[in-house]
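Trainee: First the structure, which I've put down as structure tokens, then a few questions once you've had a look.
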Number of protein chains: 2
Amino acid sequence: MARDTPQTHGEILAAAARRFAVTGYRGTSLQDIAREVGCSKAAVLYHFASKEALLAELLAQPLEVLRQLDERLAPLDGAEAQRAGAEGFVDLAVRFRREIALLRGEFPELLAQPAFAHVQQISERLVDALSGHTDRLEARITAMVLLAGISEACAEFVDVPDDDLRPALLAVARRALAPLDPPSTTEDRI
Amino acid sequence: MARDTPQTHGEILAAAARRFAVTGYRGTSLQDIAREVGCSKAAVLYHFASKEALLAELLAQPLEVLRQLDERLAPLDGAEAQRAGAEGFVDLAVRFRREIALLRGEFPELLAQPAFAHVQQISERLVDALSGHTDRLEARITAMVLLAGISEACAEFVDVPDDDLRPALLAVARRALAPLDPPSTTEDRI
DNA sequence: TCAGACCCTGACCGATCGGTCAGGGTGATC
DNA sequence: GATCACCCTGACCGATCGGTCAGGGTCTGA
């Protein structure tokens with residue numbers, strides 16, 4: 001038994017993450033990954049049952065963190081949900097920049113697969129929390145702009161240190177959500 | 001001479017747009033497009049020199065509009081550039097939802113190709129305008145969040161009428177840019 | 001009636017994809 | 001020295017990709 005693999009397993013995972021971040025999931029072949037590691041394509045498939053399994057393992061941790069965020073947000077309401085949702089998602093996005101970008105950029109259809117069905121649901125609940133559990137179209141659009149924008153910005157500013165990126169993203173989120181946060185229902189029209 | 005083609009040309013273009021929007025550029029084969037049109041794959045390649053040429057024609061109009069926006073923004077400065085940039089991009093994104101989503105979602109590498117090099121430059125100038133031509137990291141991050149978020153939201157809310165979507169997006173943009181718009185340099189920290 | 005442009009087809013091409021498989025090297029255990 | 005699990009390789013598979021090609025209908029104009 002012991003551990004599954006000494007080091008190659010991890011090297012393959014890291015190489016895949018690097019390649020996926022540059023050329024995307026579909027744009028990266030097992031051969032590409034093998035070349036980067038310095039082993040054969042068959043070796044990659046010895047450590048991982050399939051290309052999809054490789055992706056799944058790569059996404060396991062960020063998806064688990066996303067699930068935990070979903071759990072934390074469940075009992076919250078209104079402005080509280082918005083604030084916690086924004087902070088939680090910014091943290092997550094900053095921490096898992098590459099993985100989130102990968103997920104968001106390439107998988108309207110992969111996320112539609114049954115194996116990732118729960119992710120879709122969690123995303124919807126996150127939009128719901130960010131919009132303060134309102135059905136108002138404007139609130140939902142704001143939430144979507146923020147979630148997608150934060151994801152993309154994280155992927156784009158890969159080299160910016162976490163401690164610079166996080167507060168800036170939080171500030172944008174707060175400004176964007178501001179007039180919706182206090183229930184100043186005076187302005188309904190733009 | 002006369003016109004290039006009677007109707008099939010347009011049908012192929014429309015079918016390609018539909019398929020690309022669902023399964024992405026790479027995820028859509030010429031066979032898929034041909035099947036949707038009801039002709040052979042060879043017919044598709046009779047009307048378009050290559051798959052890439054099909055994409056180029058599909059993107060021609062939105063890219064031209066983007067170029068015009070870039071031109072309009074060139075002489076503007078500061079808050080004026082921000083306002084015009086936000087309004088112009090919201091209009092463009094709402095109008096060309098599918099194409100923008102396609103471009104943004106799939107082509108970190110296709111955009112890197114020489115044929116699309118100018119698009120990359122225009123995008124950078126657009127970020128520049130949205131951040132009020134400032135080098136401040138926070139401003140640039142805000143701009144990126146907005147541009148990416150607006151694109152994604154447009155793709156996500158395909159069924160929302162333009163007249164509902166546009167004002168909502170403009171409102172988000174104004175809120176997100178608000179504290180940066182007047183140069184109230186009192187707050188530098190979050 | 002014939003020529004030629006136009007539109008399209010089916011067969012085919014080489015390349016590449018994800019994945020399989022038989023077998024070889026190596027190191028620990030008995 | 002034999003055994004066996006583990007790690008890995010090169011050769012190979014069927015499928016599919018974008019793209020080519022020779023040729024066949026169809027329509028028009030001379």
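Going through the structure tokens in order, the chains are called A, B, and so on, while each chain numbers its residues from 1 and the ligands are numbered from 1 in the order shown.
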Tell me the residues of chain D close to chain A, meaning within 10 Å using only C-alpha atoms (C1' of nucleotides), as a ChimeraX atom specification.
Mentor: /D:5-10
Trainee: Using all heavy atoms, can you export the residues from the last selection as a short mmCIF file (atom, residue, chain, number, x, y, z; two decimals), in the first residue's frame?
Mentor:
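As a result, selection.cif now contains:
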```cif
data_model
loop_
_atom_site.label_atom_id
_atom_site.label_comp_id
_atom_site.auth_asym_id
_atom_site.auth_seq_id
_atom_site.Cartn_x
_atom_site.Cartn_y
_atom_site.Cartn_z
P DA D 5 1.99 -9.55 -6.74
OP1 DA D 5 0.94 -10.33 -6.07
OP2 DA D 5 2.10 -9.56 -8.22
"O5'" DA D 5 1.88 -8.03 -6.27
"C5'" DA D 5 2.42 -7.64 -5.01
"C4'" DA D 5 3.15 -6.31 -5.14
"O4'" DA D 5 4.39 -6.51 -5.88
"C3'" DA D 5 2.37 -5.23 -5.91
"O3'" DA D 5 2.39 -4.04 -5.15
"C2'" DA D 5 3.11 -5.10 -7.24
"C1'" DA D 5 4.53 -5.51 -6.86
N9 DA D 5 5.28 -6.10 -7.98
C8 DA D 5 4.88 -7.14 -8.77
N7 DA D 5 5.76 -7.46 -9.70
C5 DA D 5 6.81 -6.57 -9.50
C6 DA D 5 8.05 -6.41 -10.14
N6 DA D 5 8.45 -7.16 -11.17
N1 DA D 5 8.86 -5.42 -9.69
C2 DA D 5 8.44 -4.67 -8.66
N3 DA D 5 7.31 -4.73 -7.97
C4 DA D 5 6.52 -5.73 -8.44
P DC D 6 1.50 -2.79 -5.52
OP1 DC D 6 1.05 -2.14 -4.27
OP2 DC D 6 0.52 -3.27 -6.51
"O5'" DC D 6 2.53 -1.82 -6.24
"C5'" DC D 6 3.75 -1.50 -5.57
"C4'" DC D 6 4.71 -0.87 -6.57
"O4'" DC D 6 5.19 -1.88 -7.48
"C3'" DC D 6 4.12 0.24 -7.44
"O3'" DC D 6 4.83 1.43 -7.18
"C2'" DC D 6 4.32 -0.26 -8.87
"C1'" DC D 6 5.46 -1.24 -8.71
N1 DC D 6 5.53 -2.30 -9.77
C2 DC D 6 6.67 -2.40 -10.57
O2 DC D 6 7.61 -1.61 -10.38
N3 DC D 6 6.74 -3.36 -11.53
C4 DC D 6 5.71 -4.19 -11.70
N4 DC D 6 5.81 -5.13 -12.66
C5 DC D 6 4.54 -4.11 -10.90
C6 DC D 6 4.49 -3.16 -9.95
P DC D 7 4.26 2.82 -7.73
OP1 DC D 7 4.68 3.88 -6.79
OP2 DC D 7 2.84 2.63 -8.07
"O5'" DC D 7 5.10 3.01 -9.08
"C5'" DC D 7 6.52 3.16 -9.01
"C4'" DC D 7 7.09 3.21 -10.42
"O4'" DC D 7 6.93 1.92 -11.05
"C3'" DC D 7 6.42 4.23 -11.35
"O3'" DC D 7 7.41 5.16 -11.79
"C2'" DC D 7 5.83 3.38 -12.47
"C1'" DC D 7 6.67 2.11 -12.41
N1 DC D 7 6.00 0.87 -12.91
C2 DC D 7 6.63 0.06 -13.85
O2 DC D 7 7.74 0.39 -14.26
N3 DC D 7 6.01 -1.06 -14.29
C4 DC D 7 4.79 -1.37 -13.82
N4 DC D 7 4.21 -2.49 -14.28
C5 DC D 7 4.13 -0.56 -12.85
C6 DC D 7 4.76 0.55 -12.43
P DC D 8 6.97 6.40 -12.69
OP1 DC D 8 7.99 7.46 -12.52
OP2 DC D 8 5.55 6.68 -12.44
"O5'" DC D 8 7.14 5.82 -14.16
"C5'" DC D 8 8.43 5.36 -14.57
"C4'" DC D 8 8.31 4.53 -15.82
"O4'" DC D 8 7.46 3.40 -15.61
"C3'" DC D 8 7.70 5.24 -17.03
"O3'" DC D 8 8.75 5.79 -17.81
"C2'" DC D 8 6.95 4.12 -17.77
"C1'" DC D 8 7.17 2.90 -16.89
N1 DC D 8 6.00 1.99 -16.81
C2 DC D 8 5.99 0.82 -17.55
O2 DC D 8 6.97 0.57 -18.28
N3 DC D 8 4.93 -0.02 -17.49
C4 DC D 8 3.90 0.29 -16.70
N4 DC D 8 2.87 -0.56 -16.65
C5 DC D 8 3.87 1.49 -15.92
C6 DC D 8 4.93 2.31 -16.01
P DT D 9 8.42 6.60 -19.14
OP1 DT D 9 9.47 7.62 -19.30
OP2 DT D 9 7.01 6.99 -19.10
"O5'" DT D 9 8.61 5.51 -20.28
"C5'" DT D 9 9.77 4.67 -20.30
"C4'" DT D 9 9.64 3.67 -21.43
"O4'" DT D 9 8.65 2.67 -21.04
"C3'" DT D 9 9.16 4.28 -22.74
"O3'" DT D 9 10.18 4.17 -23.72
"C2'" DT D 9 7.90 3.48 -23.12
"C1'" DT D 9 7.91 2.30 -22.18
N1 DT D 9 6.56 1.92 -21.69
C2 DT D 9 6.00 0.74 -22.09
O2 DT D 9 6.55 -0.03 -22.84
N3 DT D 9 4.75 0.49 -21.56
C4 DT D 9 4.03 1.29 -20.69
O4 DT D 9 2.93 0.96 -20.29
C5 DT D 9 4.68 2.52 -20.32
C7 DT D 9 3.98 3.48 -19.39
C6 DT D 9 5.89 2.79 -20.82
P DG D 10 10.10 5.05 -25.04
OP1 DG D 10 11.48 5.41 -25.43
OP2 DG D 10 9.08 6.09 -24.87
"O5'" DG D 10 9.55 3.98 -26.09
"C5'" DG D 10 10.11 2.67 -26.13
"C4'" DG D 10 9.34 1.82 -27.13
"O4'" DG D 10 8.09 1.39 -26.53
"C3'" DG D 10 8.95 2.51 -28.42
"O3'" DG D 10 8.99 1.55 -29.48
"C2'" DG D 10 7.53 3.00 -28.15
"C1'" DG D 10 6.99 1.87 -27.28
N9 DG D 10 5.97 2.29 -26.33
C8 DG D 10 5.87 3.52 -25.72
N7 DG D 10 4.86 3.60 -24.89
C5 DG D 10 4.27 2.35 -24.95
C6 DG D 10 3.13 1.83 -24.27
O6 DG D 10 2.40 2.39 -23.45
N1 DG D 10 2.86 0.51 -24.62
C2 DG D 10 3.61 -0.22 -25.51
N2 DG D 10 3.21 -1.47 -25.73
N3 DG D 10 4.67 0.24 -26.16
C4 DG D 10 4.94 1.53 -25.83
#
```
Trainee: Define the interface residues of chain A facing chain B as those within 10 Å, counting only C-alpha atoms, and report them as a PyMOL selection string.
Mentor: chain A and resi 21-24+26-27+101-102+104-110+137-154+156-157+160+164-165+167-179+189-190
Trainee: Check the DSSP output for the backbone and give back, as number ranges by chain, the residues of region 5-109 of chain A in helix (DSSP H, G or I).
Mentor: A: 8-23, 30-37, 41-47, 51-73, 78-95, 97-106
Trainee: With only C-alpha atoms (C1' of nucleotides) as the basis for distance, which of C:DA22, C:DC6, C:DC17, C:DC30 is at the shortest distance from chain A?
Mentor: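 Of the candidates, the smallest distance to chain A is held by C:DC17.
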Trainee: Using only C-alpha atoms (C1' of nucleotides), which residues sit within 8 Å of region 11-20 of chain D once same-chain residues fewer than 5 positions away are excluded, as a ChimeraX atom specification?
Mentor: /B:29-30,50-51 /C:13,16-17,20
Trainee: Kindly give the distance, in Å, that separates CA of Glu80 (chain B) and CA of Gln61 (chain B), rounded to a single decimal.
Mentor: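 Atom-to-atom, CA of Glu80 (chain B) and CA of Gln61 (chain B) are spaced 25.8 Å apart.
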Trainee: Please measure the separation of CA of Asp163 (chain B) and CA of Ala129 (chain B), giving the value in Å to one decimal.
Mentor: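 Between CA of Asp163 (chain B) and CA of Ala129 (chain B) the gap is 24.7 Å.
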Trainee: Can you write out as JSON lines which residues of chain C fall within 12 Å of chain B, alongside each residue's closest atom pair and its distance in Å to one decimal, counting only C-alpha atoms (C1' of nucleotides) and ordering rows by chain and ascending residue number?
Mentor:
```
{"residue": "C:DA5", "atom": "C1'", "partner": "B:Met1", "partner_atom": "CA", "distance": 10.2}
{"residue": "C:DC6", "atom": "C1'", "partner": "B:Thr5", "partner_atom": "CA", "distance": 9.2}
{"residue": "C:DC7", "atom": "C1'", "partner": "B:Ala43", "partner_atom": "CA", "distance": 8.2}
{"residue": "C:DC8", "atom": "C1'", "partner": "B:Ala43", "partner_atom": "CA", "distance": 5.9}
{"residue": "C:DT9", "atom": "C1'", "partner": "B:Ser40", "partner_atom": "CA", "distance": 7.0}
{"residue": "C:DG10", "atom": "C1'", "partner": "B:Ser40", "partner_atom": "CA", "distance": 9.1}
{"residue": "C:DA11", "atom": "C1'", "partner": "B:Ala42", "partner_atom": "CA", "distance": 11.2}
```
Trainee: Once you have the residues from the selection above, write them out as a compact mmCIF listing (two decimals), in the first residue's frame, restricted to C-alpha atoms (C1' of nucleotides).
Mentor:
```
# COMPACT_ATOMS: atom_id res chain seq x y z
C1' DA C 5 -19.42 29.16 -64.18
C1' DC C 6 -21.39 27.89 -60.00
C1' DC C 7 -22.64 24.80 -56.13
C1' DC C 8 -22.10 20.75 -54.06
C1' DT C 9 -20.94 15.62 -53.03
C1' DG C 10 -18.46 11.33 -51.44
C1' DA C 11 -14.22 9.45 -51.01
```
Trainee: Do you have the CA of Val158 (chain B)-CA of Leu130 (chain B) distance handy?
Mentor: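 Going from CA of Val158 (chain B) over to CA of Leu130 (chain B), I get 24.3 Å.
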Trainee: Determine the nearest neighbour of Gln68 (chain B) from the options B:Val37, B:Ala16, B:Asp128, B:Gly85, counting only C-alpha atoms.
Mentor: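 Under the stated criterion, the closest residue is B:Gly85.
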